[in-house]
Amino acid sequence: MSQPSSVRSGVIFALCAYTMWGIAPIYFKALAAVPPVEILMHRVVWAFVLLAFLIVGLRHIGKVKAAIKSTRVLITLMVASTLLACNWFLYIWAVNNDFILEASLGYYINPLINVFLGRLFLGETLRMTQKVAVGIAVTGVLIMIFNFGYVPWIALTLAMSFSIYGLLRKQVSVDSLPGLFIETLFLFPAAIIYWLFFATQVSDLSNNTSSLNVLLLLAGVVSTAPLLCFTAAARRIRYSTLGFFQYIGPSLMFVLAVTLYNEQLSTARLVTFCFVWVALALFTFDTFKHYRREMKEKKLAALGPE
């Protein structure tokens, strides 16, 4: 595939990934009658089944075998899988308890926390504009806490758990698909045990309507399809470029919460959102400026000395 075609397809994959993540609340709202823990259970079970087929079909078994030979990799992925399960559960619970706005806030904050954790644990240098952006976002959260007496714990927990998950995944050299399969493999036994001994009648597929069963079976696709599109995009376009698309997801969630599900945009939330949006605007501007400078330097290097 030529470079322009590869970039175009990468952009399409990125748009698909973040759009699917953004409209996911519609799917989980359709399952509002199912307890969140059981939605998580189905998500794990059917994601595992789908991932197993993909691992075999795409011939990634060798990569899975190589990964499980390392004790360090296994421990890291086990901790990552626990964080992922907690993130999934809280997200499902938040959507089905009318906290989509706060969930969207968490995913807006996520890239800023990624930058902060990169500085803290990976020794990555923060540019001045990035420091200012993080400071503005923190100020917005602190205003909500001290002026309005409300801690946005859902947003903070979602952002922190997913950021730490990403940090752990960065520490192991395992591709996205085999890594996700191993993580789901760790969760699969607990999901099966819960299904057999603790699940309610709604998880008995033999008694459900066909429409509900289809929704439950789709949990695997809802979990893996955006990730596969994301991986395909990451292979075709620069990671810094991919970052410009990451605000599509929480923006769609925000719009859905306010327009379709009539969640109340209180003064406290609006103030915090405004601070975070300003922080993200600065962060995006800085990333774009740095990206353009990097491209210019590469072009000059390619031309060589005159």
# chains A, B, ... in the order shown; residues from 1 in each chain; ligands from 1
call {"tool": "select_by_dssp", "arguments": {"residues": "region 66-257 of chain A", "states": "alpha helix (DSSP H)", "output": "PyMOL selection string"}}
result
chain A and resi 66-68+71-96+100-121+128-148+153-170+176-197+210-217+219-236+239-242+248-255
call {"tool": "closest_atom_pairs", "arguments": {"of": "region 157-256 of chain A", "to": "region 75-92 of chain A", "cutoff": "10 Å", "atoms": "only C-alpha atoms", "output": "Markdown table"}}
result
| residue | atom | partner | partner_atom | distance |
| --- | --- | --- | --- | --- |
| A:Thr157 | CA | A:Asn87 | CA | 7.8 |
| A:Leu158 | CA | A:Asn87 | CA | 5.7 |
| A:Ala159 | CA | A:Asn87 | CA | 8.7 |
| A:Met160 | CA | A:Asn87 | CA | 9.2 |
| A:Ser161 | CA | A:Leu83 | CA | 5.8 |
| A:Phe162 | CA | A:Asn87 | CA | 6.6 |
| A:Ser163 | CA | A:Leu83 | CA | 9.7 |
| A:Ile164 | CA | A:Leu83 | CA | 7.9 |
| A:Tyr165 | CA | A:Ala80 | CA | 5.3 |
| A:Gly166 | CA | A:Ala80 | CA | 8.2 |
| A:Leu167 | CA | A:Ala80 | CA | 9.1 |
| A:Leu168 | CA | A:Ala80 | CA | 6.4 |
| A:Arg169 | CA | A:Ala80 | CA | 7.2 |
| A:Gln171 | CA | A:Thr76 | CA | 8.1 |
| A:Val172 | CA | A:Thr76 | CA | 7.6 |
| A:Val174 | CA | A:Leu77 | CA | 9.6 |
| A:Gly179 | CA | A:Leu77 | CA | 7.3 |
| A:Leu180 | CA | A:Ser81 | CA | 8.3 |
| A:Phe181 | CA | A:Ser81 | CA | 9.9 |
| A:Ile182 | CA | A:Leu77 | CA | 7.2 |
| A:Glu183 | CA | A:Ser81 | CA | 4.8 |
| A:Thr184 | CA | A:Ser81 | CA | 6.8 |
| A:Leu185 | CA | A:Ser81 | CA | 8.9 |
| A:Phe186 | CA | A:Met78 | CA | 6.5 |
| A:Leu187 | CA | A:Ser81 | CA | 7.0 |
| A:Ser223 | CA | A:Trp88 | CA | 9.4 |
call {"tool": "closest_residue", "arguments": {"among": "A:Ile145, A:Gln201, A:Val95, A:Ala103", "to": "Ile26 (chain A)", "atoms": "only C-alpha atoms"}}
result
A:Val95
call {"tool": "residues_around", "arguments": {"residues": "region 134-140 of chain A", "least_positions_apart": "5", "cutoff": "6 Å", "atoms": "only C-alpha atoms", "output": "PDB file with N, CA and C atoms, in the first residue's frame"}}
result
ATOM      1  N   LEU A 112      -3.960  13.797  29.626  1.00  0.00           N
ATOM      2  CA  LEU A 112      -3.139  14.647  30.492  1.00  0.00           C
ATOM      3  C   LEU A 112      -2.492  13.822  31.605  1.00  0.00           C
ATOM      4  N   THR A 272     -15.580  22.656  35.608  1.00  0.00           N
ATOM      5  CA  THR A 272     -14.477  21.696  35.460  1.00  0.00           C
ATOM      6  C   THR A 272     -14.255  21.333  33.999  1.00  0.00           C
ATOM      7  N   PHE A 275     -12.327  24.136  32.251  1.00  0.00           N
ATOM      8  CA  PHE A 275     -10.900  24.111  32.566  1.00  0.00           C
ATOM      9  C   PHE A 275     -10.196  22.984  31.800  1.00  0.00           C
ATOM     10  N   VAL A 276     -10.818  21.819  31.782  1.00  0.00           N
ATOM     11  CA  VAL A 276     -10.208  20.680  31.088  1.00  0.00           C
ATOM     12  C   VAL A 276     -10.138  20.933  29.582  1.00  0.00           C
ATOM     13  N   ALA A 279      -7.294  23.190  28.913  1.00  0.00           N
ATOM     14  CA  ALA A 279      -6.054  22.414  29.062  1.00  0.00           C
ATOM     15  C   ALA A 279      -5.796  21.551  27.837  1.00  0.00           C
TER      16      ALA A 279
END
call {"tool": "residues_around", "arguments": {"residues": "Phe99 (chain A)", "least_positions_apart": "3", "cutoff": "12 Å", "atoms": "only C-alpha atoms", "output": "ChimeraX atom specification"}}
result
/A:25,29,90-96,102-106,152-155,158,253-254,256-258,261-265,269
